[in-house]
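Note: the block below is entry-v9.cif and it holds mmCIF, C-alpha atoms.
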```cif
data_structure
#
loop_
_atom_site.label_atom_id
_atom_site.label_comp_id
_atom_site.auth_asym_id
_atom_site.auth_seq_id
_atom_site.Cartn_x
_atom_site.Cartn_y
_atom_site.Cartn_z
CA MET A 137 121.07 76.84 72.93
CA ARG A 138 120.49 76.32 76.64
CA ASN A 139 119.08 79.84 76.97
CA LEU A 140 116.71 79.17 74.05
CA GLN A 141 115.54 75.93 75.66
CA ALA A 142 114.98 77.69 78.98
CA VAL A 143 112.87 80.37 77.27
CA ALA A 144 110.89 77.67 75.44
CA TYR A 145 110.22 75.82 78.70
CA VAL A 146 109.06 79.03 80.37
CA LEU A 147 106.70 79.84 77.48
CA ILE A 148 105.26 76.32 77.55
CA ILE A 149 104.67 76.58 81.31
CA VAL A 150 103.04 80.00 80.92
CA VAL A 151 100.74 78.87 78.10
CA PHE A 152 99.63 75.66 79.81
CA GLY A 153 99.30 77.49 83.13
CA ALA A 154 97.02 80.09 81.53
CA LEU A 155 94.91 77.35 79.94
CA LEU A 156 94.65 75.56 83.29
CA LEU A 157 93.58 78.76 85.06
CA LYS A 158 91.09 79.61 82.30
CA GLU A 159 89.47 76.20 81.94
CA GLY A 160 89.61 75.39 85.65
CA SER A 161 88.07 78.67 86.81
CA PHE A 162 84.89 76.90 87.95
CA ILE A 163 86.94 75.06 90.59
CA LEU A 164 89.84 77.44 91.19
CA VAL A 165 87.97 80.74 91.69
CA PRO A 166 85.93 79.67 94.76
CA LEU A 167 88.97 77.78 96.10
CA VAL A 168 91.20 80.88 95.92
CA TRP A 169 88.45 83.01 97.48
CA GLY A 170 88.22 80.38 100.21
CA VAL A 171 91.98 80.51 100.83
CA PHE A 172 91.93 84.31 101.02
CA PHE A 173 88.98 84.46 103.40
CA ALA A 174 90.47 81.63 105.48
CA PHE A 175 93.60 83.74 106.05
CA SER A 176 91.40 86.72 106.98
CA LEU A 177 89.12 84.81 109.36
CA ASN A 178 91.91 82.83 111.00
CA PRO A 179 92.59 85.44 113.77
CA LEU A 180 88.90 85.50 114.69
CA ALA A 181 88.66 81.70 114.72
CA VAL A 182 91.83 81.48 116.85
CA TRP A 183 90.33 84.01 119.29
CA PHE A 184 87.25 81.81 119.70
CA GLU A 185 89.50 78.77 120.19
CA LYS A 186 91.35 80.55 123.00
CA LYS A 187 87.96 80.87 124.73
CA SER A 188 87.96 77.04 125.05
CA ILE A 189 85.59 76.60 122.10
CA PRO A 190 86.26 73.53 119.92
CA ARG A 191 87.89 74.35 116.59
CA GLY A 192 84.94 73.31 114.45
CA MET A 193 82.52 75.41 116.49
CA ALA A 194 84.97 78.33 116.57
CA ILE A 195 85.32 78.35 112.79
CA LEU A 196 81.55 78.06 112.38
CA LEU A 197 80.97 80.98 114.74
CA ALA A 198 83.50 83.12 112.83
CA ILE A 199 81.84 82.35 109.49
CA LEU A 200 78.33 82.95 110.90
CA LEU A 201 79.39 86.25 112.47
CA ILE A 202 80.83 87.61 109.22
CA SER A 203 77.86 86.25 107.26
CA ALA A 204 75.46 88.01 109.65
CA VAL A 205 77.27 91.31 109.08
CA VAL A 206 77.14 90.86 105.29
CA LEU A 207 73.46 89.89 105.35
CA GLY A 208 72.70 92.84 107.62
CA VAL A 209 74.28 95.25 105.14
CA PHE A 210 72.44 93.54 102.28
CA TYR A 211 69.13 93.85 104.16
CA LEU A 212 69.69 97.57 104.63
CA LEU A 213 70.21 97.95 100.89
CA LEU A 214 67.41 95.60 99.83
CA ASN A 215 64.60 98.15 99.96
CA GLN A 216 66.62 100.64 97.96
CA MET A 217 67.51 97.96 95.42
CA ILE A 218 63.84 97.07 94.97
CA GLY A 219 62.89 100.72 94.59
CA LEU A 220 65.58 101.33 91.98
CA ILE A 221 64.57 98.22 90.01
CA ARG A 222 60.97 99.45 89.92
CA GLU A 223 62.14 102.76 88.49
CA ILE A 224 64.15 101.20 85.64
CA PRO A 225 61.39 101.72 83.00
CA GLU A 226 60.96 105.32 84.12
CA ILE A 227 64.73 105.82 84.10
CA GLY A 228 64.90 104.49 80.54
CA GLU A 229 62.17 106.87 79.37
CA ASN A 230 63.80 109.75 81.18
CA LEU A 231 67.14 108.94 79.55
CA GLN A 232 65.55 108.91 76.10
CA LEU A 233 63.88 112.27 76.77
CA LYS A 234 67.15 113.75 77.96
CA ILE A 235 68.99 112.50 74.89
CA GLU A 236 66.31 113.88 72.57
CA ARG A 237 66.44 117.22 74.40
CA TYR A 238 70.20 117.49 74.09
CA SER A 239 70.46 115.69 70.72
CA ASP A 240 71.63 118.79 68.87
CA GLU A 241 74.40 119.48 71.37
CA ILE A 242 75.42 115.81 71.47
CA SER A 243 75.49 115.56 67.67
CA LEU A 244 78.00 118.41 67.55
CA ILE A 245 80.33 116.33 69.71
CA LEU A 246 79.62 112.79 68.48
CA GLY A 247 78.76 113.61 64.88
CA GLU A 248 75.56 113.54 62.85
CA GLY A 249 75.51 109.75 62.88
CA PHE A 250 74.33 109.87 66.45
CA ASN A 251 70.90 111.04 65.29
CA ASP A 252 70.57 108.18 62.81
CA PRO A 253 67.42 106.10 63.63
CA ASP A 254 69.25 102.82 63.09
CA HIS A 255 71.97 103.94 65.48
CA LYS A 256 69.34 104.81 68.09
CA SER A 257 67.62 101.45 67.73
CA GLU A 258 70.94 99.69 68.27
CA PHE A 259 71.58 101.83 71.32
CA TRP A 260 68.22 101.09 72.92
CA SER A 261 68.40 97.38 72.06
CA ILE A 262 70.81 96.89 74.99
CA LEU A 263 67.95 97.78 77.35
CA LYS A 264 65.68 94.97 76.10
CA PRO A 265 65.00 92.20 78.66
CA GLU A 266 66.08 89.37 76.35
CA ASN A 267 69.61 90.78 76.22
CA PHE A 268 69.99 90.23 79.97
CA ASN A 269 69.63 86.43 79.73
CA GLN A 270 73.35 85.78 79.51
CA THR A 271 74.01 88.21 82.35
CA LEU A 272 71.43 86.49 84.56
CA PHE A 273 72.91 83.07 83.75
CA THR A 274 76.40 84.31 84.65
CA THR A 275 75.07 85.84 87.87
CA GLY A 276 73.38 82.58 88.85
CA LYS A 277 76.58 80.68 88.18
CA SER A 278 78.52 83.14 90.35
CA LEU A 279 76.01 82.76 93.19
CA THR A 280 76.34 78.98 92.99
CA LEU A 281 80.10 79.26 93.27
CA ALA A 282 79.75 81.72 96.15
CA GLY A 283 77.77 79.10 98.07
CA ILE A 284 80.79 76.76 97.97
CA ILE A 285 83.18 79.33 99.43
CA PRO A 286 82.03 78.96 103.10
CA LEU A 287 82.62 75.20 102.85
CA TYR A 288 86.15 75.82 101.55
CA ILE A 289 86.77 78.31 104.37
CA PHE A 290 85.64 75.85 107.03
CA LEU A 291 87.72 72.95 105.69
CA LEU A 292 90.85 75.05 105.11
CA LEU A 293 90.73 76.45 108.65
CA TYR A 294 89.86 73.13 110.22
CA TYR A 295 92.75 71.30 108.51
CA LYS A 296 95.30 74.15 108.71
CA ASP A 297 97.64 72.14 110.96
CA PHE A 298 97.35 69.22 108.55
CA PHE A 299 98.41 71.39 105.59
CA ALA A 300 101.24 72.96 107.63
CA GLU A 301 102.57 69.51 108.51
CA PHE A 302 102.40 68.48 104.84
CA LEU A 303 104.49 71.50 103.83
CA VAL A 304 107.01 70.78 106.57
CA ARG A 305 107.40 67.18 105.40
CA ILE A 306 107.69 68.04 101.72
CA SER A 307 110.16 70.90 102.27
CA LYS A 308 112.63 68.73 104.26
CA ASP A 309 115.77 70.84 104.84
CA ARG A 310 114.09 74.09 103.71
CA LYS A 311 111.14 73.91 106.07
CA GLU A 312 112.03 77.13 107.91
CA GLU A 313 112.23 79.00 104.61
CA VAL A 314 108.93 77.52 103.43
CA MET A 315 107.17 78.39 106.68
CA ALA A 316 108.54 81.95 106.45
CA TRP A 317 107.12 82.18 102.90
CA ILE A 318 103.71 80.99 104.16
CA ARG A 319 103.79 83.52 106.99
CA ASP A 320 104.74 86.43 104.71
CA SER A 321 102.18 85.42 102.09
CA GLY A 322 99.49 85.18 104.76
CA ILE A 323 100.38 88.66 105.99
CA VAL A 324 100.07 90.05 102.45
CA ILE A 325 96.68 88.41 101.84
CA GLN A 326 95.31 89.21 105.28
CA SER A 327 96.44 92.84 105.31
CA TYR A 328 95.16 93.42 101.78
CA LEU A 329 91.69 91.97 102.35
CA ILE A 330 91.13 93.45 105.82
CA GLY A 331 92.61 96.77 104.74
CA MET A 332 90.42 96.96 101.64
CA ILE A 333 87.33 96.18 103.73
CA ARG A 334 88.18 99.15 105.93
CA VAL A 335 88.79 101.33 102.88
CA THR A 336 85.46 100.18 101.43
CA PHE A 337 83.57 101.35 104.52
CA ILE A 338 85.40 104.70 104.50
CA VAL A 339 84.65 105.32 100.82
CA ALA A 340 81.01 104.25 101.34
CA PHE A 341 80.70 106.67 104.27
CA LEU A 342 82.14 109.63 102.35
CA SER A 343 80.11 108.88 99.21
CA GLY A 344 76.93 108.32 101.21
CA ILE A 345 77.23 111.68 102.97
CA PHE A 346 77.65 113.45 99.62
CA PHE A 347 74.72 111.68 97.95
CA TYR A 348 72.53 112.38 100.97
CA LEU A 349 73.42 116.09 100.93
CA ILE A 350 72.52 116.51 97.25
CA GLY A 351 69.24 114.66 97.76
CA VAL A 352 69.85 111.33 95.97
CA GLN A 353 66.99 109.03 96.94
CA TYR A 354 69.02 105.79 96.90
CA PHE A 355 72.13 107.27 98.50
CA LEU A 356 72.95 104.14 100.52
CA LEU A 357 72.78 101.91 97.46
CA PHE A 358 74.97 104.14 95.31
CA ALA A 359 77.46 104.64 98.14
CA ALA A 360 77.77 100.86 98.60
CA PHE A 361 78.03 100.33 94.84
CA ILE A 362 80.86 102.85 94.50
CA ALA A 363 82.69 101.46 97.54
CA ILE A 364 82.45 97.84 96.35
CA MET A 365 83.49 98.67 92.79
CA ASN A 366 86.41 100.59 94.26
CA LEU A 367 87.91 97.19 95.13
CA ILE A 368 88.85 96.99 91.43
CA PRO A 369 91.55 99.68 91.10
CA TYR A 370 91.37 102.18 88.25
CA VAL A 371 88.53 100.34 86.48
CA GLY A 372 85.85 99.96 89.16
CA VAL A 373 85.69 103.63 90.12
CA VAL A 374 85.19 104.64 86.48
CA VAL A 375 82.27 102.25 85.99
CA SER A 376 80.57 103.05 89.31
CA SER A 377 81.03 106.81 88.91
CA PHE A 378 79.52 106.67 85.43
CA PHE A 379 76.27 105.12 86.68
CA ALA A 380 76.10 107.43 89.70
CA ILE A 381 76.62 110.54 87.56
CA LEU A 382 74.10 109.24 85.02
CA TYR A 383 71.46 108.79 87.74
CA VAL A 384 72.10 112.27 89.11
CA PHE A 385 71.90 113.67 85.57
CA LEU A 386 68.54 111.99 84.95
CA ASN A 387 67.08 113.35 88.19
CA SER A 388 68.23 116.96 87.91
CA ASP A 389 67.24 119.81 85.63
CA THR A 390 70.70 121.38 85.42
CA LEU A 391 74.21 120.16 84.74
CA PHE A 392 75.47 121.53 88.06
CA TYR A 393 74.71 118.42 90.13
CA PRO A 394 76.23 115.93 87.63
CA LEU A 395 79.36 118.07 87.38
CA ILE A 396 79.72 118.49 91.14
CA THR A 397 79.14 114.71 91.50
CA PHE A 398 81.96 114.05 89.05
CA PHE A 399 84.41 116.33 90.87
CA VAL A 400 83.48 115.04 94.34
CA LEU A 401 83.80 111.38 93.34
CA TRP A 402 87.09 112.16 91.64
CA GLY A 403 88.28 113.93 94.80
CA ILE A 404 87.24 110.96 96.98
CA GLN A 405 89.16 108.64 94.66
CA LEU A 406 92.31 110.77 94.89
CA PHE A 407 91.96 110.97 98.67
CA GLU A 408 91.48 107.20 98.91
CA ASN A 409 94.39 106.29 96.63
CA ASN A 410 96.94 108.67 98.13
CA ILE A 411 95.92 109.02 101.79
CA ILE A 412 93.44 106.39 102.98
CA THR A 413 94.90 103.28 101.32
CA PRO A 414 98.56 103.91 102.32
CA LEU A 415 97.40 104.64 105.88
CA VAL A 416 94.91 101.78 106.30
CA VAL A 417 96.29 99.04 104.03
CA GLY A 418 99.93 99.93 104.56
CA ALA A 419 102.84 98.88 102.42
CA LYS A 420 102.31 95.11 102.56
CA VAL A 421 101.35 94.75 98.88
CA GLN A 422 104.29 96.65 97.39
CA VAL A 423 103.45 96.34 93.70
CA ASN A 424 103.87 99.12 91.15
CA ALA A 425 100.98 100.58 89.19
CA LEU A 426 101.97 98.94 85.88
CA ALA A 427 102.00 95.48 87.48
CA VAL A 428 98.59 96.22 89.10
CA ILE A 429 97.05 97.21 85.74
CA LEU A 430 98.46 94.11 84.04
CA ALA A 431 97.19 91.97 86.93
CA ILE A 432 93.70 93.48 86.55
CA LEU A 433 93.63 92.83 82.80
CA LEU A 434 95.03 89.31 83.12
CA GLY A 435 92.72 88.49 86.03
CA GLY A 436 89.70 89.83 84.15
CA TRP A 437 90.58 87.72 81.10
CA LEU A 438 91.07 84.53 83.11
CA TRP A 439 88.55 84.78 85.96
CA GLY A 440 86.33 87.79 85.24
CA VAL A 441 85.54 90.21 88.07
CA SER A 442 86.91 87.80 90.69
CA GLY A 443 90.23 87.72 88.89
CA MET A 444 90.39 91.52 88.77
CA VAL A 445 90.24 91.57 92.58
CA LEU A 446 92.20 88.40 93.43
CA PHE A 447 95.15 88.87 91.10
CA ILE A 448 96.38 91.99 92.92
CA PRO A 449 97.33 90.21 96.19
CA LEU A 450 98.38 87.18 94.13
CA VAL A 451 100.95 89.38 92.41
CA GLY A 452 102.13 90.42 95.88
CA VAL A 453 102.54 86.74 96.80
CA LEU A 454 104.36 86.13 93.50
CA LYS A 455 106.73 89.00 94.34
CA ILE A 456 107.52 87.42 97.73
CA THR A 457 108.11 84.04 96.05
CA LEU A 458 110.45 85.50 93.43
CA SER A 459 112.37 87.51 96.01
CA ARG A 460 113.34 84.31 97.87
CA SER A 461 115.27 83.00 94.87
CA GLU A 462 118.67 84.49 94.03
CA ASN A 463 118.17 83.99 90.29
CA LEU A 464 114.60 85.31 90.21
CA ARG A 465 115.11 88.28 92.54
CA PRO A 466 115.41 90.78 89.62
CA PHE A 467 111.88 89.82 88.52
CA ALA A 468 110.62 90.53 92.04
CA TYR A 469 112.22 93.96 91.76
CA LEU A 470 110.40 94.41 88.42
CA LEU A 471 107.06 93.89 90.18
CA GLY A 472 107.90 96.08 93.19
CA ASP A 473 107.30 99.77 93.75
CA GLU A 474 110.87 100.74 94.68
CA ILE A 475 111.28 102.73 91.48
CA PRO A 476 114.29 105.09 91.30
CA VAL A 477 112.55 108.16 89.85
CA THR A 478 114.22 111.54 90.32
CA GLU A 479 112.01 114.62 90.12
CA GLU A 480 112.84 118.30 90.12
CA SER A 481 110.32 118.79 92.90
CA GLU A 482 108.01 116.52 94.85
CA ASN A 483 104.41 117.25 95.69
CA PHE A 484 102.85 117.03 99.12
CA VAL A 485 100.92 113.83 98.39
CA LYS A 486 104.06 111.86 97.47
CA ILE A 487 105.98 113.10 100.50
CA LEU A 488 103.11 112.18 102.86
CA SER A 489 102.64 108.78 101.21
CA ARG A 490 106.35 107.98 101.58
CA LYS A 491 106.32 108.98 105.25
CA LEU A 492 103.30 106.76 105.91
CA ARG A 493 105.06 103.80 104.31
CA ARG A 494 108.19 104.36 106.37
CA GLN A 495 106.09 104.36 109.53
CA LYS A 496 104.71 100.96 108.58
#
```
Starting from the file, give its structure as structure tokens.
Amino acid sequence: MRNLQAVAYVLIIVVFGALLLKEGSFILVPLVWGVFFAFSLNPLAVWFEKKSIPRGMAILLAILLISAVVLGVFYLLLNQMIGLIREIPEIGENLQLKIERYSDEISLILGEGFNDPDHKSEFWSILKPENFNQTLFTTGKSLTLAGIIPLYIFLLLYYKDFFAEFLVRISKDRKEEVMAWIRDSGIVIQSYLIGMIRVTFIVAFLSGIFFYLIGVQYFLLFAAFIAIMNLIPYVGVVVSSFFAILYVFLNSDTLFYPLITFFVLWGIQLFENNIITPLVVGAKVQVNALAVILAILLGGWLWGVSGMVLFIPLVGVLKITLSRSENLRPFAYLLGDEIPVTEESENFVKILSRKLRRQK
């Protein structure tokens, strides 16, 4: 009976916790982003403080410096974004011509229903301007929330000693353990965000070189798009690669360039997942692939795109929290990547990845 009650309590907590996260996303999403960026910017703000700059001014300088870098990158991409937006009607017409040209071949794969006029009208209805209203509203809401994040960052960094003192007082006899948990969680968040920023620039550089070599007009824009979407594991690269390959397909007369684009982007993804990320990000977020996929799906359901990015390091923090409890340690093992899998032979990528992790 006690076990049944414990399971019931856990289910109640999970259900009400999910409802709280879902309904409170308007407040929680920018707050969590603020916490994550505060951990990442803390070393820079501390560096400014060591130069005898007051804390408030040091935090402001750190935020302004990062904002200037982001705005500089956005300015570089702005002209290409405007040019691509102007070409949207032409791209739509070109896509329709391509589909009509290859309709016979496509119908052999997708069936005769693909050529049905009603089916075509439904397909092209997604390109009508009125269907973008909800998307624009959601985008505006996201931009509004993004404007609150710098304020959260400033306040969290400014009052960091205040929050640390609060945790020390509330933890009483376990204050050393609580402070160790905060330190380890901060390392996970900081290493993940900073590491993924480095990986993003590497992926953008490799993708940009390829797009430039094959003559893509908006190579910087597509490289940045692929690199940013790569922050969402497994899902983001599929979506970004689809649009990049589609654009190359619409601007080439043969299937060679779309096919080579597919293979190159796939190769970059393999290189990033197995070589770049273990080397740059390290083994701080030691979460297995199944837990990452579930975190992406759960985060997407609760918080949208932000949840798909934020829930990965949050699972790492959850793993650290569970590992500090004797009773919950098996669940931490369930989230980890220390999986006892025996293989007849191991490939080069796995051996190299394991060696990189051991070096960390």
Straight-line distance linking CA of Val352 in chain A with CA of Val441 in chain A, stated in Å to one decimal: 27.5 Å
Taking into account only C-alpha atoms, which residue in the set A:Ile338, A:Gly351, A:Leu386, A:Ala142 is nearest to Asn366 in chain A?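 Closest candidate: A:Ile338.
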Please compute the CA of Glu312 in chain A-CA of Phe172 in chain A distance, one decimal, in Å.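 Between CA of Glu312 in chain A and CA of Phe172 in chain A the gap is 22.4 Å.
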Quote the spacing between CA of Tyr469 in chain A and CA of Met315 in chain A in Å to one decimal place.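 Answer for the CA of Tyr469 in chain A to CA of Met315 in chain A separation: 22.1 Å.
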Chain and number of each residue from the PyMOL selection byres ((chain A and resi 450) around 10), as a list in words: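 Evaluating the PyMOL selection byres ((chain A and resi 450) around 10) on these coordinates yields Val168, Phe172, Ser321, Val324, Ile325, Val421, Ala431, Gly435, Gly443, Val445, Leu446, Phe447, Ile448, Pro449, Val451, Gly452, Val453, Leu454, Lys455 and Ile456 of chain A.
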Translate the PyMOL selection byres ((chain A and resi 216) around 9) into a concrete residue list for this structure, as a PyMOL selection string. chain A and resi 212-215+217-221+353-357
Mind checking which residues fall within 12 Å of Leu201 in chain A, counting all atoms listed in the file, ignoring those fewer than 5 positions away in the same chain, and posting them as a list in words?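 My list of contacting residues is Leu177, Leu180, Ala181, Phe184, Met193, Ala194, Ile195, Leu196, Val206, Leu207 and Gly208 of chain A.
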Name the residues captured by the PyMOL selection byres ((chain A and resi 470) around 10) when it is applied to the shown file; answer as an MDAnalysis selection string. chainID A and resid 423:424 426:427 455 465:469 471:475
So that I can see what lies close to Lys158 in chain A, please list as a PyMOL selection string the residues with an atom at most 7 Å from it, counting all atoms listed in the file and leaving out residues fewer than 3 positions away in the same chain. chain A and resi 154-155+161+438-439
